[in-house]
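A short write-up of the structure that comes next.
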Amino acid sequence: GVALNIDAGGAVAINAAVATNDGNFTVRDFAGTGASGAFTVASGGSISTGGGAIDVKASSVTINSAMTLSGAAKFDGGTGLITLGAVGGSGDLTLAGSGGATVASVALASNTVEVSGLTGTLTATGGFTAGVLTGASHVTNLALDGGGTIGNAQTLTNTGTVTLDGVTFTGGLTTTGVGGTVTLSGAVSATNNALDLGAVTLGGAGATRTVADT
């Protein structure tokens, strides 16, 4: 494959299919080290790298199309928001920056989602499934609003709010160190592991809320 390196001081927009055939895809500023302007992939655009890596550092990141990862992908939105569509496949995903991130859904059951370098609010509006989720406490607010499964144990110490709706924590869940309100909706469960909850608020008016160690 052939690597594609984009060094741009301004905005970068991908409006059609880009394929590197196992080569890496990288976006930076003119110097090749800092952030470019806003990075956008239109709904008709896509990035396919085969086994190559995706590494984008920009002032904000917006991907309007679904992504199927076959290599590692890192998106650093600087001080801007990271907005991703549905993310699936078989690659690890890293999100970084101080502007937070909103993801339509994540389906990476055998892979790692790394957010240790992300601050602000992390929101998943659809299902969020990761074999390993690392750094979830680094974001101020965490909202997993569409169910899913987290494979490793989570001890959350977020300084802001935590909202969980229908999420299974296979390795267990502890929320006693969360600084703000913890809101649970749907069925929040662990699989033969501990659920250690502090004060919680029950969300989803009129719905059934279930908390279980199955």
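A note on labels: chains of the structure tokens are A, B, ... as shown, every chain counts residues from 1, and ligands are counted from 1 in their shown order.
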**Message:** Quick one: residues within 10 Å of range 57-59 of chain A, only C-alpha atoms, excluding same-chain residues fewer than 3 positions away - as a count of residues only?
**Reply:** 30
**Request:** Excluding Thr68 in chain A and any residue of its chain fewer than 3 positions from it, enumerate the residues within 8 Å of it, using only C-alpha atoms, and give them as JSON, numbers by chain.
**Result:** {"A": [48, 87, 88, 89, 90]}
**Prompt:** CA of Leu118 in chain A and CA of Gly160 in chain A are how many Å apart?
**Reply:** 14.0 Å
**Request:** Write out as a PyMOL selection string each polymer residue whose atoms come within 9 Å of Val106 in chain A, counting only C-alpha atoms; drop sequence neighbours fewer than 5 positions from it.
**Result:** chain A and resi 85-88+124+126-130+148
Filtering to C-alpha atoms, could you give me those residues as a short mmCIF file (atom, residue, chain, number, x, y, z; two decimals), in the first residue's frame?
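So out12.cif came out as:
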data_model
loop_
_atom_site.label_atom_id
_atom_site.label_comp_id
_atom_site.auth_asym_id
_atom_site.auth_seq_id
_atom_site.Cartn_x
_atom_site.Cartn_y
_atom_site.Cartn_z
CA GLY A 85 -20.94 8.01 12.83
CA ALA A 86 -21.20 4.29 13.45
CA VAL A 87 -17.79 2.68 14.07
CA GLY A 88 -17.25 -1.06 13.68
CA ALA A 124 -22.59 7.47 22.61
CA GLY A 126 -26.36 4.29 20.10
CA GLY A 127 -24.85 1.02 21.28
CA PHE A 128 -21.32 1.15 22.69
CA THR A 129 -19.50 -2.18 22.72
CA ALA A 130 -15.76 -2.51 23.35
CA GLY A 148 -23.81 -2.11 24.65
#
**Item:** Nearest-residue call for Gly50 in chain A, choices A:His138, A:Gly91, A:Ile63, A:Ile6, using only C-alpha atoms
**Value:**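 Of all the options, A:Gly91 lies closest to Gly50 in chain A.
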**Message:** Please identify the strand (DSSP E or B) residues within range 13-187 of chain A (assignment by DSSP from backbone atoms) and present them as a PyMOL selection string.
**Reply:** chain A and resi 13-14+17-19+25-28+36+39-41+46-48+54-58+61-63+67-69+73-76+82-89+93-97+101-118+121-124+128-134+141-144+148-150+154-155+162-165+167-169+173-174+182-185+187
**Request:** Grab the CA of Ala104 in chain A to CA of Ala143 in chain A distance for me, in Å with one decimal place.
**Result:**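 Between CA of Ala104 in chain A and CA of Ala143 in chain A the gap works out to 11.9 Å.
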**Asked** Which is closer to Phe30 in chain A than all the others in A:Ala17, A:Asn5, A:Met67, A:Ser46, using only C-alpha atoms?
**Response**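 So, comparing all the options, the nearest one is A:Asn5.
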**Request:** Determine, counting only C-alpha atoms, which protein, DNA and RNA residues have an atom within 10 Å of an atom of Gly45 in chain A; residues of the same chain fewer than 2 positions away are not included. Present the result as a list of chain:residue names.
**Result:**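 Residues near the query, excluding close chain neighbours: A:Ala13, A:Ile14, A:Asn15, A:Ala16, A:Ala17, A:Val18, A:Thr40, A:Val41, A:Ala42, A:Ser43, A:Ile47, A:Ile63, A:Asn64, A:Ser65, A:Ala66.
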**Request:** Within 10 Å of range 166-182 of chain A, counting only C-alpha atoms, which residues show up once you throw out same-chain ones fewer than 2 positions away? Write them as a PyMOL selection string, please.
**Result:** chain A and resi 127-129+131-132+137+140-164+184-203+209-214
**Request:** Give me the residues within 8 Å of Ala101 in chain A as a ChimeraX atom specification, counting only C-alpha atoms and dropping any in the same chain fewer than 4 places off.
**Result:** /A:81-84,95,120-123
Go ahead and dump the residues you just picked, N, CA and C atoms, as a compact mmCIF listing (two decimals), in the first residue's frame.
# COMPACT_ATOMS: atom_id res chain seq x y z
N LEU A 81 -14.90 19.60 18.86
CA LEU A 81 -15.67 18.37 19.08
C LEU A 81 -15.30 17.31 18.05
N ILE A 82 -15.24 16.07 18.50
CA ILE A 82 -15.13 14.92 17.61
C ILE A 82 -16.53 14.35 17.44
N THR A 83 -16.99 14.23 16.19
CA THR A 83 -18.29 13.66 15.90
C THR A 83 -18.10 12.50 14.93
N LEU A 84 -18.47 11.31 15.35
CA LEU A 84 -18.30 10.12 14.52
C LEU A 84 -19.65 9.46 14.27
N LEU A 95 -9.53 8.22 20.91
CA LEU A 95 -10.08 9.57 20.81
C LEU A 95 -9.33 10.48 21.77
N GLY A 120 -13.74 16.73 28.45
CA GLY A 120 -15.05 17.20 28.03
C GLY A 120 -16.08 16.11 28.25
N THR A 121 -17.00 15.95 27.32
CA THR A 121 -18.08 14.98 27.43
C THR A 121 -17.96 13.92 26.34
N LEU A 122 -18.04 12.66 26.73
CA LEU A 122 -18.09 11.55 25.77
C LEU A 122 -19.52 11.02 25.76
N THR A 123 -20.16 11.08 24.59
CA THR A 123 -21.54 10.62 24.44
C THR A 123 -21.62 9.58 23.34
**Asked** Between A:Ala107, A:Val139, A:Ala72, A:Ile54, which has the minimum distance to Asp92 in chain A (counting only C-alpha atoms)?
**Response**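 Nearest candidate to Asp92 in chain A out of A:Ala107, A:Val139, A:Ala72, A:Ile54: A:Ala72.
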